[in-house]
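Enquirer: Pasting upload.txt below, which is compact mmCIF, C-alpha atoms.
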```txt
# COMPACT_ATOMS: atom_id res chain seq x y z
CA MET Q 1 27.66 14.50 14.01
CA THR Q 2 29.30 11.70 12.02
CA LEU Q 3 27.10 8.84 10.94
CA SER Q 4 28.43 5.75 12.70
CA LYS Q 5 28.92 2.35 11.09
CA ASN Q 6 26.52 0.84 13.60
CA ARG Q 7 23.78 3.28 12.62
CA ILE Q 8 24.34 2.55 8.92
CA LYS Q 9 24.21 -1.17 9.70
CA TYR Q 10 20.96 -0.67 11.61
CA ILE Q 11 19.34 1.24 8.74
CA HIS Q 12 20.34 -1.47 6.26
CA SER Q 13 18.97 -4.14 8.61
CA LEU Q 14 15.47 -2.67 8.21
CA GLU Q 15 15.34 -4.14 4.73
CA LEU Q 16 14.38 -7.40 6.49
CA LYS Q 17 10.88 -7.86 7.91
CA LYS Q 18 12.11 -9.62 11.08
CA ASN Q 19 14.26 -6.61 11.98
CA ARG Q 20 11.47 -4.11 11.27
CA LYS Q 21 9.11 -6.18 13.37
CA ALA Q 22 11.60 -6.53 16.24
CA ASP Q 23 11.72 -2.73 16.71
CA ASN Q 24 8.27 -2.02 15.28
CA VAL Q 25 9.68 0.52 12.79
CA PHE Q 26 9.95 1.18 9.06
CA LEU Q 27 12.17 3.16 6.71
CA ALA Q 28 11.27 5.99 4.32
CA GLU Q 29 13.46 8.08 2.01
CA GLY Q 30 13.21 11.29 0.04
CA PRO Q 31 11.89 14.83 0.75
CA LYS Q 32 8.35 14.22 -0.53
CA LEU Q 33 7.77 10.91 1.21
CA VAL Q 34 9.43 11.81 4.51
CA GLY Q 35 7.65 15.18 4.49
CA ASP Q 36 4.27 13.48 4.02
CA LEU Q 37 4.88 10.95 6.79
CA LEU Q 38 6.29 13.28 9.45
CA GLY Q 39 2.83 14.52 10.41
CA HIS Q 40 1.35 11.02 10.65
CA PHE Q 41 3.96 8.73 12.20
CA SER Q 42 6.36 9.12 15.11
CA CYS Q 43 9.91 9.63 13.81
CA CYS Q 44 12.64 7.96 15.87
CA LEU Q 45 15.64 8.63 13.62
CA LEU Q 46 16.32 11.08 10.83
CA ILE Q 47 19.47 11.72 8.80
CA ALA Q 48 19.57 14.50 6.24
CA THR Q 49 21.81 16.80 4.26
CA SER Q 50 22.32 20.42 5.28
CA GLU Q 51 20.18 21.48 2.31
CA TRP Q 52 17.15 19.53 3.55
CA LEU Q 53 17.63 20.65 7.13
CA SER Q 54 17.91 24.31 6.15
CA HIS Q 55 14.46 24.12 4.53
CA ASN Q 56 12.87 22.24 7.45
CA ARG Q 57 14.14 24.02 10.57
CA HIS Q 58 10.52 24.57 11.63
CA LEU Q 59 9.84 20.86 12.13
CA PRO Q 60 10.01 19.54 15.72
CA LEU Q 61 12.53 16.77 15.04
CA GLU Q 62 14.41 14.54 17.46
CA ASP Q 63 17.54 12.43 16.95
CA VAL Q 64 18.61 14.27 13.80
CA THR Q 65 21.99 13.70 12.19
CA GLU Q 66 23.31 16.04 9.51
CA VAL Q 67 25.27 14.13 6.89
CA SER Q 68 27.10 14.70 3.65
CA GLU Q 69 25.78 13.36 0.34
CA GLU Q 70 28.41 10.63 0.52
CA GLU Q 71 27.36 9.54 4.01
CA LEU Q 72 23.70 9.52 3.00
CA SER Q 73 24.62 7.36 0.02
CA ARG Q 74 26.20 4.78 2.32
CA ALA Q 75 23.14 4.64 4.55
CA SER Q 76 20.47 4.72 1.82
CA LEU Q 77 18.82 1.69 0.24
CA LEU Q 78 18.08 3.70 -2.92
CA LYS Q 79 20.30 3.81 -6.00
CA THR Q 80 19.95 7.59 -5.96
CA PRO Q 81 19.67 8.93 -2.39
CA GLN Q 82 17.43 11.99 -1.95
CA GLN Q 83 18.54 14.38 0.83
CA VAL Q 84 16.76 12.69 3.74
CA LEU Q 85 16.13 9.30 5.29
CA ALA Q 86 13.90 8.59 8.29
CA VAL Q 87 12.95 5.69 10.53
CA PHE Q 88 9.34 5.81 11.75
CA ARG Q 89 7.38 3.89 14.37
CA GLN Q 90 4.78 1.49 12.98
CA PRO Q 91 1.33 2.51 14.23
CA GLU Q 92 -0.75 0.21 16.38
CA GLU Q 93 -3.06 -1.82 14.16
CA ILE Q 94 -6.74 -1.61 15.06
CA ILE Q 95 -9.03 -3.69 12.84
CA ASP Q 96 -12.60 -2.48 12.47
CA PHE Q 97 -14.50 -4.65 9.99
CA SER Q 98 -17.58 -2.41 10.26
CA VAL Q 99 -16.02 0.16 7.90
CA ILE Q 100 -17.02 -2.14 5.03
CA ASN Q 101 -20.68 -1.53 5.87
CA HIS Q 102 -20.55 2.13 4.92
CA SER Q 103 -17.50 2.58 2.67
CA LEU Q 104 -15.67 0.99 -0.24
CA CYS Q 105 -12.67 -1.11 0.83
CA LEU Q 106 -10.05 -3.27 -0.88
CA ALA Q 107 -8.89 -6.78 -0.02
CA LEU Q 108 -5.64 -8.26 -1.32
CA ASP Q 109 -5.30 -12.03 -1.54
CA ASP Q 110 -1.59 -12.92 -1.41
CA VAL Q 111 -0.21 -10.00 -3.45
CA GLN Q 112 3.54 -10.65 -3.40
CA ASP Q 113 5.31 -7.82 -5.17
CA PRO Q 114 6.15 -4.86 -2.88
CA GLY Q 115 5.95 -2.45 -5.81
CA ASN Q 116 2.45 -3.65 -6.66
CA LEU Q 117 1.34 -3.29 -3.04
CA GLY Q 118 2.75 0.23 -2.79
CA THR Q 119 1.10 1.23 -6.06
CA ILE Q 120 -2.26 -0.17 -4.91
CA ILE Q 121 -2.01 1.87 -1.70
CA ARG Q 122 -1.27 4.95 -3.80
CA LEU Q 123 -4.33 4.17 -5.98
CA ALA Q 124 -6.53 3.66 -2.93
CA ASP Q 125 -5.41 7.03 -1.62
CA TRP Q 126 -6.27 8.65 -4.97
CA PHE Q 127 -9.74 7.11 -5.10
CA GLY Q 128 -10.58 7.83 -1.46
CA ILE Q 129 -10.38 4.22 -0.25
CA GLU Q 130 -9.13 4.35 3.33
CA HIS Q 131 -8.94 0.66 4.30
CA ILE Q 132 -7.21 -2.34 2.70
CA PHE Q 133 -7.56 -5.83 4.19
CA CYS Q 134 -4.65 -8.13 3.35
CA SER Q 135 -4.25 -11.89 3.63
CA PRO Q 136 -1.44 -12.92 6.01
CA ASN Q 137 0.70 -13.97 3.01
CA THR Q 138 0.46 -10.57 1.32
CA VAL Q 139 3.82 -8.77 1.25
CA ASP Q 140 4.62 -6.58 4.27
CA VAL Q 141 3.37 -3.02 3.82
CA TYR Q 142 6.49 -1.77 5.61
CA ASN Q 143 8.87 -3.31 3.09
CA PRO Q 144 10.99 -0.30 2.00
CA LYS Q 145 10.03 -0.84 -1.65
CA SER Q 146 6.33 -0.85 -0.73
CA VAL Q 147 6.69 2.29 1.38
CA GLN Q 148 8.49 4.13 -1.43
CA ALA Q 149 5.89 3.07 -4.01
CA THR Q 150 3.01 4.46 -1.93
CA MET Q 151 4.27 8.00 -2.58
CA GLY Q 152 2.89 9.03 0.80
CA GLY Q 153 -0.40 7.15 0.50
CA ILE Q 154 0.57 5.00 3.49
CA ALA Q 155 -0.10 8.06 5.66
CA ARG Q 156 -3.80 8.05 4.78
CA VAL Q 157 -4.63 4.43 3.89
CA LYS Q 158 -4.80 1.86 6.71
CA LEU Q 159 -3.76 -1.74 6.05
CA HIS Q 160 -5.02 -4.68 8.11
CA TYR Q 161 -3.64 -8.22 7.90
CA THR Q 162 -6.29 -10.84 8.57
CA SER Q 163 -7.85 -14.06 7.30
CA LEU Q 164 -9.88 -13.05 4.24
CA PRO Q 165 -12.20 -16.11 4.36
CA GLU Q 166 -13.04 -15.29 7.98
CA LEU Q 167 -13.51 -11.61 7.18
CA ILE Q 168 -15.74 -12.18 4.15
CA GLY Q 169 -17.62 -14.96 5.91
CA SER Q 170 -18.51 -12.57 8.71
CA LEU Q 171 -20.11 -10.02 6.37
CA THR Q 172 -23.90 -9.93 6.10
CA ASP Q 173 -25.65 -8.53 3.02
CA ILE Q 174 -22.44 -6.79 1.91
CA PRO Q 175 -21.41 -6.87 -1.75
CA VAL Q 176 -18.05 -8.59 -2.29
CA TYR Q 177 -16.49 -8.06 -5.73
CA GLY Q 178 -13.68 -9.84 -7.56
CA THR Q 179 -12.35 -9.87 -11.12
CA PHE Q 180 -12.49 -13.07 -13.16
CA LEU Q 181 -12.31 -14.04 -16.83
CA ASP Q 182 -15.85 -15.48 -16.58
CA GLY Q 183 -17.30 -12.49 -14.71
CA GLU Q 184 -19.80 -9.87 -15.87
CA ASN Q 185 -18.57 -6.86 -17.85
CA ILE Q 186 -17.72 -4.27 -15.20
CA TYR Q 187 -19.00 -1.44 -17.41
CA GLY Q 188 -22.49 -2.93 -17.55
CA HIS Q 189 -22.77 -4.12 -13.95
CA PRO Q 190 -24.27 -1.82 -11.27
CA LEU Q 191 -21.65 -1.14 -8.58
CA SER Q 192 -22.35 -0.10 -5.00
CA LYS Q 193 -20.84 2.73 -2.97
CA ASN Q 194 -19.87 0.36 -0.17
CA GLY Q 195 -18.49 -3.16 -0.01
CA LEU Q 196 -15.27 -5.07 -0.59
CA ILE Q 197 -13.22 -5.34 -3.79
CA VAL Q 198 -10.92 -8.40 -3.75
CA MET Q 199 -7.78 -8.41 -5.90
CA GLY Q 200 -5.69 -11.57 -6.26
CA ASN Q 201 -2.15 -12.85 -6.47
CA GLU Q 202 -0.01 -11.81 -9.45
CA GLY Q 203 0.27 -15.32 -10.87
CA ASN Q 204 -2.69 -17.25 -9.48
CA GLY Q 205 -5.39 -14.64 -9.04
CA ILE Q 206 -7.89 -14.98 -6.21
CA GLY Q 207 -7.53 -18.19 -4.21
CA GLU Q 208 -10.28 -20.84 -4.32
CA GLU Q 209 -11.38 -20.41 -0.70
CA VAL Q 210 -11.89 -16.67 -1.14
CA LYS Q 211 -13.35 -17.10 -4.63
CA GLN Q 212 -16.23 -19.18 -3.26
CA LEU Q 213 -17.27 -16.26 -1.02
CA ILE Q 214 -17.40 -13.57 -3.72
CA ASN Q 215 -20.97 -12.68 -4.70
CA HIS Q 216 -20.23 -10.29 -7.60
CA LYS Q 217 -17.82 -11.57 -10.25
CA LEU Q 218 -16.60 -8.86 -12.61
CA TYR Q 219 -14.63 -8.89 -15.86
CA ILE Q 220 -12.49 -6.11 -17.31
CA PRO Q 221 -12.97 -6.45 -21.09
CA ASN Q 222 -10.16 -5.92 -23.54
CA TYR Q 223 -10.75 -3.75 -26.61
CA PRO Q 224 -11.76 -4.66 -29.22
CA ALA Q 225 -13.25 -7.88 -27.84
CA ASP Q 226 -12.11 -10.09 -30.74
CA ARG Q 227 -8.49 -8.88 -30.75
CA GLU Q 228 -5.73 -11.20 -29.54
CA THR Q 229 -4.19 -9.64 -26.45
CA SER Q 230 -2.31 -10.30 -23.20
CA GLU Q 231 -3.64 -13.01 -20.90
CA SER Q 232 -4.28 -10.63 -18.02
CA LEU Q 233 -3.56 -7.22 -16.49
CA ASN Q 234 -1.01 -6.46 -13.80
CA VAL Q 235 -2.83 -6.49 -10.44
CA ALA Q 236 -2.09 -2.82 -9.73
CA ILE Q 237 -3.35 -1.76 -13.17
CA ALA Q 238 -6.46 -3.91 -12.78
CA THR Q 239 -7.07 -2.29 -9.38
CA ALA Q 240 -6.86 1.16 -10.99
CA VAL Q 241 -9.41 0.23 -13.67
CA VAL Q 242 -11.83 -1.28 -11.14
CA CYS Q 243 -11.59 1.59 -8.65
CA ALA Q 244 -12.04 4.17 -11.40
CA GLU Q 245 -15.27 2.50 -12.56
CA PHE Q 246 -16.62 2.25 -9.02
CA ARG Q 247 -16.02 5.95 -8.48
CA ARG Q 248 -17.39 6.89 -11.92
CA GLN Q 249 -20.66 5.09 -11.20
CA ALA Q 250 -20.87 6.57 -7.69
CA ALA Q 251 -20.43 10.07 -9.10
CA SER Q 252 -23.27 9.55 -11.59
CA LEU Q 253 -25.84 8.49 -8.98
```
Spit out the file's structure as structure tokens when you get a sec.
Expert:
Amino acid sequence: MTLSKNRIKYIHSLELKKNRKADNVFLAEGPKLVGDLLGHFSCCLLIATSEWLSHNRHLPLEDVTEVSEEELSRASLLKTPQQVLAVFRQPEEIIDFSVINHSLCLALDDVQDPGNLGTIIRLADWFGIEHIFCSPNTVDVYNPKSVQATMGGIARVKLHYTSLPELIGSLTDIPVYGTFLDGENIYGHPLSKNGLIVMGNEGNGIGEEVKQLINHKLYIPNYPADRETSESLNVAIATAVVCAEFRRQAASL
């Protein structure tokens, strides 16, 4: 079946949030990513080369279009298309704040870069963090760049968009952590197995309203302490450092 101009136009339209939201769908590309998501999300459109299809005949796929490399290139949003492209249904969002009582969760306060968001989801997946609570102004998780950067982590990590001040304000006797230049050295501060880790905006950090609600302020020290260095870490890198220390301490208990 030939890939129509209208279908190509539709795929390209999913680069915009309003179009993804209108149909409640998102786009994913590449054998690894599409393969990881097929078992977790409903697929409503898939286009692939004969090579990919020949290796995946066992999958129960609907609305499949076999295309040439050139056709895939015209439909793809990537500079280097990778055999397969799929449109998935966005899952219904169910917010359960109680997960913070018994597990470690992340909160993102206005993270704007889709690559950073995708990388943080990938990190959460690696460190066994299953829930991320995002401020309404945090970049859309279904942005194609975010989806690609998750490397499949979006299949196992659930994101919830909500008011962080309201969320944190509703917590009782739950540790809420954030990183600040005037915080306590993370490597000398006892960390819990449950609670909420708040990470802030790339340029402004954690907003004032959320900052006032954080009861454990942490600091990631540079090394050596007296050496002149960068002003701050990228938010995704800082998240990796923080999550690694939480899990290291949990493993030593």
Enquirer: Select, from Q:Ile220, Q:Thr138, Q:Asp182, Q:Phe97, the residue with the minimum atom-to-atom distance to Gly169 in chain Q, counting all atoms listed in the file.
Expert: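 Looking only at the distances to Gly169 in chain Q, the closest residue turns out to be Q:Phe97.
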Enquirer: For CA of Asn204 in chain Q and CA of Glu231 in chain Q, quote the distance in Å rounded to one decimal.
Expert: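 Computed distance, CA of Asn204 in chain Q to CA of Glu231 in chain Q, equals 12.2 Å.
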Enquirer: Find the residue from Q:Leu53, Q:Thr150, Q:Gln212, Q:Arg122 that sits nearest to Val67 in chain Q; use only C-alpha atoms when measuring.
Expert: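 Nearest to Val67 in chain Q: Q:Leu53.
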Enquirer: Quick check, in Å to one decimal: how far apart do CA of Arg74 in chain Q and CA of Ile154 in chain Q lie?
Expert: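 The value is 25.7 Å.
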Enquirer: Nearest residue to Pro165 in chain Q out of Q:Leu191, Q:Leu213, Q:Val241, Q:Ala225, using all atoms listed in the file?
Expert: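 Looking only at the distances to Pro165 in chain Q, the closest residue turns out to be Q:Leu213.
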Enquirer: Of the candidates Q:Leu159, Q:Met151, Q:Ile132, Q:Leu46, which shows the shortest atom-to-atom distance to Glu93 in chain Q, using all atoms listed in the file?
Expert: Q:Leu159
Enquirer: Can you measure CA of Val210 in chain Q to CA of Ser103 in chain Q for me? One decimal in Å is fine.
Expert: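 Here the two named atoms are 20.4 Å from each other.
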Enquirer: Counting only C-alpha atoms, what is within 9 Å of Glu202 in chain Q, bar same-chain residues fewer than 5 positions away, as a list in words?
Expert: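 Within the cut-off, the hits are Asp110, Val111, Gln112, Asp113, Asn116, Asn234 and Val235 of chain Q.
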Enquirer: Check the smallest atom-to-atom distance from each of Q:Asn101, Q:Thr65, Q:Thr229, Q:Asn137 to Thr162 in chain Q using only C-alpha atoms, then report the winner.
Expert: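 The closest residue to Thr162 in chain Q is Q:Asn137.
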Enquirer: Please return, as a ChimeraX atom specification, all polymer residues that have at least one atom within 12 Å of the point (11.6, -4.9, 13.5); use all atoms listed in the file and the file's own coordinate frame.
Expert: /Q:10-27,87-90,140,142-143
Enquirer: Smallest atom-to-atom distance to Arg247 in chain Q: which of Q:Gly205, Q:Leu85, Q:Trp126, Q:Leu108, using all atoms listed in the file?
Expert: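 The answer is Q:Trp126, which sits nearest to Arg247 in chain Q.
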Enquirer: Put the listed atoms of range 176-191 of chain Q in a box along x, y and z with 8 Å added on every side and give me the centre and edge lengths in Å to one decimal, as lines of an AutoDock Vina configuration file.
Expert:
```
center_x = -18.3
center_y = -8.3
center_z = -10.1
size_x = 28.0
size_y = 30.3
size_z = 31.6
```
Enquirer: Using only C-alpha atoms, can you list as a ChimeraX atom specification the residues within 8 Å of (13.7, 10.6, 14.7)?
Expert: /Q:42-46,61-64,86-88
Enquirer: Using only C-alpha atoms, determine which residues lie at most 7 Å from Tyr161 in chain Q, disregarding the query and same-chain residues fewer than 4 positions distant; provide the list as a list in words.
Expert: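 Neighbouring residues, sequence-local ones excluded: Phe133, Cys134, Ser135 and Pro136 of chain Q.
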Enquirer: Those residues with C-alpha atoms, as a PDB file, in the coordinates of the input please?
Expert:
```pdb
ATOM      1  CA  PHE Q 133      -7.560  -5.830   4.190  1.00  0.00           C
ATOM      2  CA  CYS Q 134      -4.650  -8.130   3.350  1.00  0.00           C
ATOM      3  CA  SER Q 135      -4.250 -11.890   3.630  1.00  0.00           C
ATOM      4  CA  PRO Q 136      -1.440 -12.920   6.010  1.00  0.00           C
TER       5      PRO Q 136
END
```
